[in-house]
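Trainee: Dropping in coords16.cif, with mmCIF, N, CA and C atoms.
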```cif
data_my_file
loop_
_atom_site.label_atom_id
_atom_site.label_comp_id
_atom_site.auth_asym_id
_atom_site.auth_seq_id
_atom_site.Cartn_x
_atom_site.Cartn_y
_atom_site.Cartn_z
N MET A 1 35.27 -53.39 -12.86
CA MET A 1 34.65 -52.10 -12.77
C MET A 1 34.57 -51.65 -11.30
N GLN A 2 34.38 -52.64 -10.43
CA GLN A 2 34.29 -52.32 -9.01
C GLN A 2 35.61 -51.70 -8.52
N ARG A 3 36.72 -52.14 -9.06
CA ARG A 3 38.02 -51.58 -8.68
C ARG A 3 38.06 -50.08 -8.97
N LEU A 4 37.56 -49.70 -10.14
CA LEU A 4 37.57 -48.28 -10.51
C LEU A 4 36.61 -47.48 -9.64
N MET A 5 35.48 -48.08 -9.29
CA MET A 5 34.51 -47.36 -8.46
C MET A 5 35.06 -47.15 -7.04
N GLN A 6 35.82 -48.10 -6.53
CA GLN A 6 36.44 -47.93 -5.22
C GLN A 6 37.44 -46.77 -5.25
N ILE A 7 38.21 -46.68 -6.31
CA ILE A 7 39.17 -45.58 -6.45
C ILE A 7 38.42 -44.27 -6.56
N LYS A 8 37.35 -44.25 -7.32
CA LYS A 8 36.55 -43.04 -7.49
C LYS A 8 36.00 -42.56 -6.15
N GLU A 9 35.48 -43.47 -5.35
CA GLU A 9 34.95 -43.12 -4.03
C GLU A 9 36.03 -42.50 -3.15
N LYS A 10 37.20 -43.08 -3.14
CA LYS A 10 38.31 -42.55 -2.34
C LYS A 10 38.71 -41.15 -2.82
N LEU A 11 38.77 -40.98 -4.14
CA LEU A 11 39.11 -39.66 -4.69
C LEU A 11 38.07 -38.61 -4.32
N GLU A 12 36.80 -38.98 -4.37
CA GLU A 12 35.73 -38.04 -4.04
C GLU A 12 35.81 -37.57 -2.59
N VAL A 13 36.14 -38.47 -1.68
CA VAL A 13 36.27 -38.10 -0.26
C VAL A 13 37.43 -37.11 -0.10
N ILE A 14 38.54 -37.39 -0.76
CA ILE A 14 39.71 -36.50 -0.66
C ILE A 14 39.40 -35.15 -1.30
N GLU A 15 38.76 -35.17 -2.46
CA GLU A 15 38.41 -33.91 -3.13
C GLU A 15 37.53 -33.04 -2.24
N ALA A 16 36.56 -33.65 -1.60
CA ALA A 16 35.66 -32.90 -0.71
C ALA A 16 36.42 -32.30 0.47
N ALA A 17 37.33 -33.08 1.04
CA ALA A 17 38.12 -32.58 2.18
C ALA A 17 39.03 -31.43 1.75
N LEU A 18 39.63 -31.55 0.58
CA LEU A 18 40.50 -30.48 0.07
C LEU A 18 39.69 -29.25 -0.29
N ALA A 19 38.49 -29.45 -0.81
CA ALA A 19 37.62 -28.32 -1.18
C ALA A 19 37.25 -27.49 0.05
N GLU A 20 37.11 -28.14 1.20
CA GLU A 20 36.80 -27.42 2.44
C GLU A 20 37.94 -26.48 2.84
N GLN A 21 39.15 -26.83 2.51
CA GLN A 21 40.31 -26.01 2.87
C GLN A 21 40.66 -24.96 1.82
N TYR A 22 40.27 -25.21 0.58
CA TYR A 22 40.67 -24.35 -0.52
C TYR A 22 40.25 -22.91 -0.26
N PRO A 23 41.06 -21.90 -0.54
CA PRO A 23 42.38 -21.92 -1.16
C PRO A 23 43.53 -21.89 -0.14
N ARG A 24 43.20 -21.89 1.13
CA ARG A 24 44.25 -21.83 2.17
C ARG A 24 44.39 -23.19 2.83
N PHE A 25 45.30 -23.96 2.30
CA PHE A 25 45.51 -25.31 2.81
C PHE A 25 46.32 -25.27 4.10
N HIS A 26 45.99 -26.16 5.00
CA HIS A 26 46.74 -26.29 6.25
C HIS A 26 46.89 -27.79 6.57
N PRO A 27 47.90 -28.11 7.36
CA PRO A 27 48.14 -29.52 7.68
C PRO A 27 46.90 -30.17 8.28
N ASP A 28 46.58 -31.34 7.81
CA ASP A 28 45.44 -32.10 8.32
C ASP A 28 45.79 -33.59 8.22
N PRO A 29 46.10 -34.19 9.35
CA PRO A 29 46.50 -35.61 9.34
C PRO A 29 45.45 -36.52 8.71
N ALA A 30 44.17 -36.17 8.82
CA ALA A 30 43.12 -37.02 8.24
C ALA A 30 43.25 -37.05 6.72
N ILE A 31 43.48 -35.89 6.10
CA ILE A 31 43.65 -35.84 4.64
C ILE A 31 44.93 -36.56 4.24
N THR A 32 45.99 -36.32 4.98
CA THR A 32 47.26 -36.99 4.70
C THR A 32 47.07 -38.50 4.72
N ASP A 33 46.35 -39.00 5.72
CA ASP A 33 46.10 -40.45 5.83
C ASP A 33 45.24 -40.96 4.67
N LEU A 34 44.23 -40.17 4.27
CA LEU A 34 43.38 -40.58 3.15
C LEU A 34 44.17 -40.68 1.85
N VAL A 35 45.07 -39.73 1.63
CA VAL A 35 45.88 -39.74 0.41
C VAL A 35 46.85 -40.93 0.43
N THR A 36 47.46 -41.18 1.56
CA THR A 36 48.36 -42.33 1.68
C THR A 36 47.59 -43.63 1.45
N GLU A 37 46.40 -43.72 2.01
CA GLU A 37 45.56 -44.90 1.82
C GLU A 37 45.18 -45.07 0.34
N LEU A 38 44.85 -43.97 -0.33
CA LEU A 38 44.54 -44.01 -1.76
C LEU A 38 45.73 -44.52 -2.55
N LYS A 39 46.88 -43.94 -2.28
CA LYS A 39 48.10 -44.33 -3.00
C LYS A 39 48.39 -45.82 -2.80
N ASP A 40 48.32 -46.28 -1.56
CA ASP A 40 48.56 -47.70 -1.27
C ASP A 40 47.53 -48.59 -1.96
N HIS A 41 46.27 -48.17 -1.94
CA HIS A 41 45.19 -48.95 -2.55
C HIS A 41 45.41 -49.09 -4.06
N VAL A 42 45.70 -47.99 -4.72
CA VAL A 42 45.88 -48.04 -6.18
C VAL A 42 47.13 -48.84 -6.54
N GLN A 43 48.19 -48.70 -5.77
CA GLN A 43 49.40 -49.51 -6.01
C GLN A 43 49.08 -51.00 -5.87
N GLU A 44 48.32 -51.36 -4.86
CA GLU A 44 47.96 -52.76 -4.64
C GLU A 44 47.08 -53.28 -5.79
N GLU A 45 46.15 -52.46 -6.24
CA GLU A 45 45.30 -52.88 -7.37
C GLU A 45 46.13 -53.06 -8.64
N ARG A 46 47.11 -52.19 -8.84
CA ARG A 46 48.00 -52.33 -10.00
C ARG A 46 48.75 -53.66 -9.93
N LYS A 47 49.26 -54.00 -8.76
CA LYS A 47 50.00 -55.25 -8.59
C LYS A 47 49.09 -56.45 -8.84
N LYS A 48 47.87 -56.40 -8.29
CA LYS A 48 46.93 -57.51 -8.48
C LYS A 48 46.61 -57.72 -9.95
N ILE A 49 46.32 -56.63 -10.62
CA ILE A 49 45.92 -56.76 -12.03
C ILE A 49 47.10 -57.19 -12.89
N GLN A 50 48.31 -56.76 -12.54
CA GLN A 50 49.50 -57.21 -13.27
C GLN A 50 49.73 -58.70 -13.07
N ARG A 51 49.53 -59.18 -11.84
CA ARG A 51 49.67 -60.62 -11.58
C ARG A 51 48.61 -61.41 -12.35
N GLN A 52 47.38 -60.92 -12.34
CA GLN A 52 46.32 -61.60 -13.07
C GLN A 52 46.61 -61.62 -14.57
N HIS A 53 47.14 -60.51 -15.06
CA HIS A 53 47.48 -60.43 -16.49
C HIS A 53 48.57 -61.44 -16.84
N SER A 54 49.60 -61.51 -16.00
CA SER A 54 50.70 -62.43 -16.30
C SER A 54 50.26 -63.89 -16.23
N ARG A 55 49.22 -64.18 -15.45
CA ARG A 55 48.69 -65.55 -15.38
C ARG A 55 47.60 -65.81 -16.41
N GLY A 56 47.29 -64.79 -17.21
CA GLY A 56 46.26 -64.94 -18.25
C GLY A 56 44.85 -64.99 -17.70
N GLU A 57 44.63 -64.39 -16.55
CA GLU A 57 43.32 -64.46 -15.89
C GLU A 57 42.40 -63.28 -16.21
N LEU A 58 42.87 -62.32 -16.98
CA LEU A 58 42.05 -61.14 -17.28
C LEU A 58 41.25 -61.36 -18.56
N SER A 59 40.03 -60.86 -18.53
CA SER A 59 39.23 -60.88 -19.76
C SER A 59 39.77 -59.80 -20.69
N GLU A 60 39.33 -59.84 -21.93
CA GLU A 60 39.76 -58.82 -22.89
C GLU A 60 39.35 -57.43 -22.41
N PHE A 61 38.14 -57.32 -21.87
CA PHE A 61 37.65 -56.05 -21.35
C PHE A 61 38.56 -55.54 -20.23
N GLU A 62 38.90 -56.41 -19.29
CA GLU A 62 39.77 -56.01 -18.17
C GLU A 62 41.14 -55.57 -18.67
N ARG A 63 41.68 -56.29 -19.66
CA ARG A 63 42.99 -55.93 -20.21
C ARG A 63 42.94 -54.58 -20.91
N CYS A 64 41.88 -54.37 -21.69
CA CYS A 64 41.80 -53.17 -22.52
C CYS A 64 41.36 -51.93 -21.75
N PHE A 65 40.59 -52.10 -20.71
CA PHE A 65 40.04 -50.93 -20.04
C PHE A 65 40.48 -50.82 -18.57
N ILE A 66 40.19 -51.81 -17.76
CA ILE A 66 40.45 -51.71 -16.33
C ILE A 66 41.94 -51.58 -16.04
N ALA A 67 42.75 -52.45 -16.62
CA ALA A 67 44.20 -52.39 -16.37
C ALA A 67 44.78 -51.06 -16.82
N HIS A 68 44.39 -50.61 -17.99
CA HIS A 68 44.90 -49.32 -18.49
C HIS A 68 44.41 -48.16 -17.63
N ALA A 69 43.17 -48.22 -17.20
CA ALA A 69 42.63 -47.14 -16.37
C ALA A 69 43.39 -47.03 -15.04
N ILE A 70 43.60 -48.15 -14.39
CA ILE A 70 44.31 -48.14 -13.10
C ILE A 70 45.73 -47.63 -13.29
N ASN A 71 46.43 -48.12 -14.30
CA ASN A 71 47.79 -47.65 -14.55
C ASN A 71 47.83 -46.16 -14.86
N ASP A 72 46.90 -45.72 -15.70
CA ASP A 72 46.87 -44.31 -16.09
C ASP A 72 46.58 -43.40 -14.90
N VAL A 73 45.61 -43.78 -14.08
CA VAL A 73 45.28 -42.98 -12.90
C VAL A 73 46.48 -42.90 -11.96
N TYR A 74 47.14 -44.01 -11.77
CA TYR A 74 48.30 -44.02 -10.87
C TYR A 74 49.46 -43.20 -11.43
N GLN A 75 49.82 -43.48 -12.67
CA GLN A 75 51.00 -42.85 -13.24
C GLN A 75 50.79 -41.37 -13.58
N SER A 76 49.57 -41.00 -13.90
CA SER A 76 49.34 -39.60 -14.29
C SER A 76 49.51 -38.66 -13.11
N SER A 77 49.11 -39.08 -11.92
CA SER A 77 49.18 -38.13 -10.80
C SER A 77 49.39 -38.74 -9.42
N ILE A 78 48.75 -39.84 -9.12
CA ILE A 78 48.86 -40.38 -7.76
C ILE A 78 50.31 -40.68 -7.42
N ASP A 79 51.06 -41.16 -8.39
CA ASP A 79 52.47 -41.46 -8.17
C ASP A 79 53.28 -40.21 -7.81
N LYS A 80 52.79 -39.04 -8.18
CA LYS A 80 53.52 -37.79 -7.95
C LYS A 80 53.26 -37.19 -6.57
N ILE A 81 52.35 -37.79 -5.82
CA ILE A 81 52.08 -37.32 -4.45
C ILE A 81 52.90 -38.18 -3.49
N ARG A 82 53.68 -37.52 -2.66
CA ARG A 82 54.50 -38.26 -1.69
C ARG A 82 53.65 -38.73 -0.53
N ARG A 83 53.99 -39.90 0.00
CA ARG A 83 53.33 -40.36 1.22
C ARG A 83 53.62 -39.36 2.33
N GLY A 84 52.61 -39.09 3.12
CA GLY A 84 52.78 -38.17 4.24
C GLY A 84 52.70 -36.71 3.84
N SER A 85 52.35 -36.43 2.58
CA SER A 85 52.23 -35.03 2.15
C SER A 85 51.09 -34.34 2.87
N LYS A 86 51.30 -33.06 3.11
CA LYS A 86 50.26 -32.24 3.72
C LYS A 86 49.43 -31.62 2.61
N PRO A 87 48.16 -31.30 2.90
CA PRO A 87 47.33 -30.65 1.88
C PRO A 87 48.02 -29.40 1.32
N SER A 88 47.98 -29.27 0.01
CA SER A 88 48.63 -28.15 -0.67
C SER A 88 48.03 -28.00 -2.06
N ASP A 89 48.42 -26.93 -2.75
CA ASP A 89 47.99 -26.77 -4.14
C ASP A 89 48.48 -27.94 -4.98
N HIS A 90 49.71 -28.38 -4.72
CA HIS A 90 50.31 -29.51 -5.44
C HIS A 90 49.43 -30.76 -5.28
N MET A 91 49.08 -31.09 -4.05
CA MET A 91 48.25 -32.27 -3.78
C MET A 91 46.88 -32.09 -4.44
N ASN A 92 46.29 -30.93 -4.29
CA ASN A 92 44.97 -30.66 -4.85
C ASN A 92 44.99 -30.87 -6.37
N PHE A 93 46.02 -30.35 -7.02
CA PHE A 93 46.14 -30.50 -8.48
C PHE A 93 46.20 -31.97 -8.87
N HIS A 94 47.03 -32.74 -8.19
CA HIS A 94 47.21 -34.15 -8.55
C HIS A 94 45.97 -34.99 -8.23
N ILE A 95 45.27 -34.67 -7.17
CA ILE A 95 44.03 -35.38 -6.87
C ILE A 95 42.99 -35.05 -7.94
N PHE A 96 42.87 -33.78 -8.29
CA PHE A 96 41.94 -33.38 -9.34
C PHE A 96 42.30 -34.05 -10.67
N ASP A 97 43.57 -34.08 -10.99
CA ASP A 97 44.02 -34.70 -12.24
C ASP A 97 43.71 -36.20 -12.25
N SER A 98 43.92 -36.86 -11.12
CA SER A 98 43.60 -38.30 -11.02
C SER A 98 42.11 -38.52 -11.23
N SER A 99 41.31 -37.68 -10.63
CA SER A 99 39.86 -37.79 -10.77
C SER A 99 39.43 -37.57 -12.21
N SER A 100 40.04 -36.60 -12.87
CA SER A 100 39.73 -36.33 -14.28
C SER A 100 40.11 -37.50 -15.16
N THR A 101 41.27 -38.07 -14.90
CA THR A 101 41.73 -39.24 -15.67
C THR A 101 40.77 -40.41 -15.48
N LEU A 102 40.35 -40.64 -14.25
CA LEU A 102 39.43 -41.73 -13.97
C LEU A 102 38.08 -41.48 -14.65
N THR A 103 37.61 -40.25 -14.62
CA THR A 103 36.35 -39.90 -15.29
C THR A 103 36.45 -40.18 -16.79
N TYR A 104 37.59 -39.85 -17.37
CA TYR A 104 37.82 -40.15 -18.79
C TYR A 104 37.66 -41.64 -19.06
N TRP A 105 38.32 -42.47 -18.25
CA TRP A 105 38.25 -43.91 -18.46
C TRP A 105 36.85 -44.44 -18.22
N LEU A 106 36.15 -43.93 -17.23
CA LEU A 106 34.78 -44.38 -16.99
C LEU A 106 33.87 -44.04 -18.17
N SER A 107 34.10 -42.88 -18.79
CA SER A 107 33.29 -42.52 -19.96
C SER A 107 33.64 -43.41 -21.16
N ARG A 108 34.91 -43.76 -21.31
CA ARG A 108 35.31 -44.69 -22.38
C ARG A 108 34.65 -46.05 -22.18
N ILE A 109 34.61 -46.51 -20.93
CA ILE A 109 33.98 -47.79 -20.62
C ILE A 109 32.49 -47.73 -20.91
N LYS A 110 31.84 -46.65 -20.52
CA LYS A 110 30.41 -46.48 -20.79
C LYS A 110 30.15 -46.49 -22.30
N ASP A 111 30.97 -45.76 -23.05
CA ASP A 111 30.82 -45.75 -24.51
C ASP A 111 30.96 -47.16 -25.09
N HIS A 112 31.95 -47.89 -24.59
CA HIS A 112 32.17 -49.26 -25.06
C HIS A 112 30.96 -50.13 -24.74
N GLU A 113 30.44 -50.02 -23.52
CA GLU A 113 29.28 -50.83 -23.13
C GLU A 113 28.04 -50.46 -23.94
N ASP A 114 27.88 -49.17 -24.22
CA ASP A 114 26.74 -48.72 -25.04
C ASP A 114 26.82 -49.30 -26.45
N LYS A 115 28.01 -49.40 -26.99
CA LYS A 115 28.19 -49.97 -28.34
C LYS A 115 27.91 -51.48 -28.36
N GLN A 116 28.18 -52.13 -27.21
CA GLN A 116 27.98 -53.57 -27.13
C GLN A 116 26.49 -53.93 -27.04
N ASN A 117 25.69 -52.99 -26.55
CA ASN A 117 24.25 -53.27 -26.35
C ASN A 117 23.42 -52.90 -27.53
#
```
Starting from the coordinates I provided, produce the structure as structure tokens.

Mentor:
Amino acid sequence: MQRLMQIKEKLEVIEAALAEQYPRFHPDPAITDLVTELKDHVQEERKKIQRQHSRGELSEFERCFIAHAINDVYQSSIDKIRRGSKPSDHMNFHIFDSSSTLTYWLSRIKDHEDKQN
């Protein structure tokens, strides 16, 4: 769960920075660096969880929720942002979409935990 919260924190920082520029985006190396860092972080988490899965180290919960959430967040939008991209409507859309996807998974996890209790 901590993996998802780290991604959420990174997305929130980027969303706030993009919101300050909206609707007239302009080049900002700080935002570009944050997006590249997010992309690298999520890719690394995907690799880690895939390695853990192949070694049988994931719990059922991690396999069913965390692994799927990380893959979905990455593939739905983060993968579509190029490294070094400048702030734009395109970037804003994909960051928002990634955040929405993550929110969906967090709500599914909460629902699952509520049913377990």

Trainee: Name the residues in contact with stretch 40-55 of chain A at a cut-off of 7 Å, using only C-alpha atoms, excluding same-chain residues fewer than 3 positions from it; report them as number ranges by chain.

Mentor: A: 36-37, 58, 67, 70-71, 74

Trainee: With a distance cut-off of 12 Å and only C-alpha atoms, select the neighbouring residues of A:Arg108, excluding the residue or stretch itself and same-chain residues fewer than 4 positions from it, and output the selection as JSON, numbers by chain.

Mentor: {"A": [61, 64, 65, 66, 68, 69, 101, 102, 103, 104, 112, 113, 114, 115]}

Trainee: Those same residues - N, CA and C atoms - I'd like them written as a CSV table (one decimal), in the coordinates of the input.

Mentor:
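The new file again-v3.csv reads:
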```
chain,number,residue,atom,x,y,z
A,61,PHE,N,38.1,-57.3,-21.9
A,61,PHE,CA,37.6,-56.0,-21.4
A,61,PHE,C,38.6,-55.5,-20.2
A,64,CYS,N,41.9,-54.4,-21.7
A,64,CYS,CA,41.8,-53.2,-22.5
A,64,CYS,C,41.4,-51.9,-21.8
A,65,PHE,N,40.6,-52.1,-20.7
A,65,PHE,CA,40.0,-50.9,-20.0
A,65,PHE,C,40.5,-50.8,-18.6
A,66,ILE,N,40.2,-51.8,-17.8
A,66,ILE,CA,40.4,-51.7,-16.3
A,66,ILE,C,41.9,-51.6,-16.0
A,68,HIS,N,44.4,-50.6,-18.0
A,68,HIS,CA,44.9,-49.3,-18.5
A,68,HIS,C,44.4,-48.2,-17.6
A,69,ALA,N,43.2,-48.2,-17.2
A,69,ALA,CA,42.6,-47.1,-16.4
A,69,ALA,C,43.4,-47.0,-15.0
A,101,THR,N,41.3,-38.1,-14.9
A,101,THR,CA,41.7,-39.2,-15.7
A,101,THR,C,40.8,-40.4,-15.5
A,102,LEU,N,40.4,-40.6,-14.2
A,102,LEU,CA,39.4,-41.7,-14.0
A,102,LEU,C,38.1,-41.5,-14.6
A,103,THR,N,37.6,-40.2,-14.6
A,103,THR,CA,36.4,-39.9,-15.3
A,103,THR,C,36.4,-40.2,-16.8
A,104,TYR,N,37.6,-39.8,-17.4
A,104,TYR,CA,37.8,-40.2,-18.8
A,104,TYR,C,37.7,-41.6,-19.1
A,112,HIS,N,32.0,-47.9,-24.6
A,112,HIS,CA,32.2,-49.3,-25.1
A,112,HIS,C,31.0,-50.1,-24.7
A,113,GLU,N,30.4,-50.0,-23.5
A,113,GLU,CA,29.3,-50.8,-23.1
A,113,GLU,C,28.0,-50.5,-23.9
A,114,ASP,N,27.9,-49.2,-24.2
A,114,ASP,CA,26.7,-48.7,-25.0
A,114,ASP,C,26.8,-49.3,-26.4
A,115,LYS,N,28.0,-49.4,-27.0
A,115,LYS,CA,28.2,-50.0,-28.3
A,115,LYS,C,27.9,-51.5,-28.4
```

Trainee: Any chance you could work out the residue set of the PyMOL selection byres (((chain A and resi 7 and name CA) around 10) and name CA) here, as a list of chain:residue names?

Mentor: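 Output of the PyMOL selection byres (((chain A and resi 7 and name CA) around 10) and name CA): A:Gln2, A:Arg3, A:Leu4, A:Met5, A:Gln6, A:Lys8, A:Glu9, A:Lys10, A:Leu11, A:Glu12, A:Leu38, A:Lys39, A:His41, A:Val42, A:Glu45, A:Ile70, A:Val73, A:Ser98, A:Ser99, A:Leu102.
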
Trainee: Please, what distance in Å, to one decimal, runs between atom C of A:Ile14 and atom CA of A:Pro87?

Mentor: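 Pair atom C of A:Ile14 / atom CA of A:Pro87 returns 9.7 Å.
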
Trainee: As a ChimeraX atom specification, which residues of chain A does DSSP assign to helix (DSSP H, G or I)?

Mentor: /A:2-21,29-54,60-76,78-80,89-116

Trainee: Taking into account only C-alpha atoms, which residue in the set A:Asp97, A:Asp89, A:Glu60, A:Asp111 is nearest to A:Leu18?

Mentor: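 Nearest candidate to A:Leu18 out of A:Asp97, A:Asp89, A:Glu60, A:Asp111: A:Asp89.
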
Trainee: Assuming the chain letters and numbering stay as they are in my file, what does the PyMOL selection byres ((chain A and resi 31) around 8) actually select? List them as a list in words.

Mentor: Val13, Ile14, Ala17, Leu18, Pro27, Asp28, Pro29, Ala30, Thr32, Asp33, Leu34, Val35, Thr36, Glu37, Gly84, Ser85, Lys86 and Pro87 of chain A

Trainee: Would you output that residue set with N, CA and C atoms, as a compact mmCIF listing (two decimals), in the frame of the given file?

Mentor:
```txt
# COMPACT_ATOMS: atom_id res chain seq x y z
N VAL A 13 36.14 -38.47 -1.68
CA VAL A 13 36.27 -38.10 -0.26
C VAL A 13 37.43 -37.11 -0.10
N ILE A 14 38.54 -37.39 -0.76
CA ILE A 14 39.71 -36.50 -0.66
C ILE A 14 39.40 -35.15 -1.30
N ALA A 17 37.33 -33.08 1.04
CA ALA A 17 38.12 -32.58 2.18
C ALA A 17 39.03 -31.43 1.75
N LEU A 18 39.63 -31.55 0.58
CA LEU A 18 40.50 -30.48 0.07
C LEU A 18 39.69 -29.25 -0.29
N PRO A 27 47.90 -28.11 7.36
CA PRO A 27 48.14 -29.52 7.68
C PRO A 27 46.90 -30.17 8.28
N ASP A 28 46.58 -31.34 7.81
CA ASP A 28 45.44 -32.10 8.32
C ASP A 28 45.79 -33.59 8.22
N PRO A 29 46.10 -34.19 9.35
CA PRO A 29 46.50 -35.61 9.34
C PRO A 29 45.45 -36.52 8.71
N ALA A 30 44.17 -36.17 8.82
CA ALA A 30 43.12 -37.02 8.24
C ALA A 30 43.25 -37.05 6.72
N THR A 32 45.99 -36.32 4.98
CA THR A 32 47.26 -36.99 4.70
C THR A 32 47.07 -38.50 4.72
N ASP A 33 46.35 -39.00 5.72
CA ASP A 33 46.10 -40.45 5.83
C ASP A 33 45.24 -40.96 4.67
N LEU A 34 44.23 -40.17 4.27
CA LEU A 34 43.38 -40.58 3.15
C LEU A 34 44.17 -40.68 1.85
N VAL A 35 45.07 -39.73 1.63
CA VAL A 35 45.88 -39.74 0.41
C VAL A 35 46.85 -40.93 0.43
N THR A 36 47.46 -41.18 1.56
CA THR A 36 48.36 -42.33 1.68
C THR A 36 47.59 -43.63 1.45
N GLU A 37 46.40 -43.72 2.01
CA GLU A 37 45.56 -44.90 1.82
C GLU A 37 45.18 -45.07 0.34
N GLY A 84 52.61 -39.09 3.12
CA GLY A 84 52.78 -38.17 4.24
C GLY A 84 52.70 -36.71 3.84
N SER A 85 52.35 -36.43 2.58
CA SER A 85 52.23 -35.03 2.15
C SER A 85 51.09 -34.34 2.87
N LYS A 86 51.30 -33.06 3.11
CA LYS A 86 50.26 -32.24 3.72
C LYS A 86 49.43 -31.62 2.61
N PRO A 87 48.16 -31.30 2.90
CA PRO A 87 47.33 -30.65 1.88
C PRO A 87 48.02 -29.40 1.32
```

Trainee: In terms of the shortest atom-to-atom distance over only C-alpha atoms, which of A:Ser88, A:Gln116, A:Gln21, A:Ser77 is closest to A:Ser100?

Mentor: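 Going through A:Ser88, A:Gln116, A:Gln21, A:Ser77 one by one, the smallest distance to A:Ser100 is for A:Ser77.
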
Trainee: For a quick check of understanding, using all atoms listed in the file, which of A:Arg82, A:Ser76, A:Glu62, A:Ile95 has the smallest distance to A:Glu15?

Mentor: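 Counting all atoms listed in the file, the residue closest to A:Glu15 is A:Ile95.
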
Trainee: I'd like the interatomic distance between atom C of A:Asn92 and atom CA of A:Trp105, to a tenth of an Å.

Mentor: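 Separation of atom C of A:Asn92 and atom CA of A:Trp105: 19.0 Å.
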
Trainee: Could you add the missing atoms to stretch 41-52 of chain A, up to N, CA, C and O atoms, and return them as a compact mmCIF listing (two decimals), in the frame of the given file?

Mentor:
```
# COMPACT_ATOMS: atom_id res chain seq x y z
N HIS A 41 46.27 -48.17 -1.94
CA HIS A 41 45.19 -48.95 -2.55
C HIS A 41 45.41 -49.09 -4.06
O HIS A 41 45.31 -50.20 -4.60
N VAL A 42 45.70 -47.99 -4.72
CA VAL A 42 45.88 -48.04 -6.18
C VAL A 42 47.13 -48.84 -6.54
O VAL A 42 47.11 -49.63 -7.49
N GLN A 43 48.19 -48.70 -5.77
CA GLN A 43 49.40 -49.51 -6.01
C GLN A 43 49.08 -51.00 -5.87
O GLN A 43 49.52 -51.81 -6.69
N GLU A 44 48.32 -51.36 -4.86
CA GLU A 44 47.96 -52.76 -4.64
C GLU A 44 47.08 -53.28 -5.79
O GLU A 44 47.28 -54.40 -6.27
N GLU A 45 46.15 -52.46 -6.24
CA GLU A 45 45.30 -52.88 -7.37
C GLU A 45 46.13 -53.06 -8.64
O GLU A 45 45.88 -53.97 -9.42
N ARG A 46 47.11 -52.19 -8.84
CA ARG A 46 48.00 -52.33 -10.00
C ARG A 46 48.75 -53.66 -9.93
O ARG A 46 48.85 -54.38 -10.93
N LYS A 47 49.26 -54.00 -8.76
CA LYS A 47 50.00 -55.25 -8.59
C LYS A 47 49.09 -56.45 -8.84
O LYS A 47 49.48 -57.41 -9.52
N LYS A 48 47.87 -56.40 -8.29
CA LYS A 48 46.93 -57.51 -8.48
C LYS A 48 46.61 -57.72 -9.95
O LYS A 48 46.63 -58.84 -10.45
N ILE A 49 46.32 -56.63 -10.62
CA ILE A 49 45.92 -56.76 -12.03
C ILE A 49 47.10 -57.19 -12.89
O ILE A 49 46.94 -57.94 -13.85
N GLN A 50 48.31 -56.76 -12.54
CA GLN A 50 49.50 -57.21 -13.27
C GLN A 50 49.73 -58.70 -13.07
O GLN A 50 50.09 -59.41 -14.01
N ARG A 51 49.53 -59.18 -11.84
CA ARG A 51 49.67 -60.62 -11.58
C ARG A 51 48.61 -61.41 -12.35
O ARG A 51 48.92 -62.45 -12.96
N GLN A 52 47.38 -60.92 -12.34
CA GLN A 52 46.32 -61.60 -13.07
C GLN A 52 46.61 -61.62 -14.57
O GLN A 52 46.38 -62.61 -15.24
```
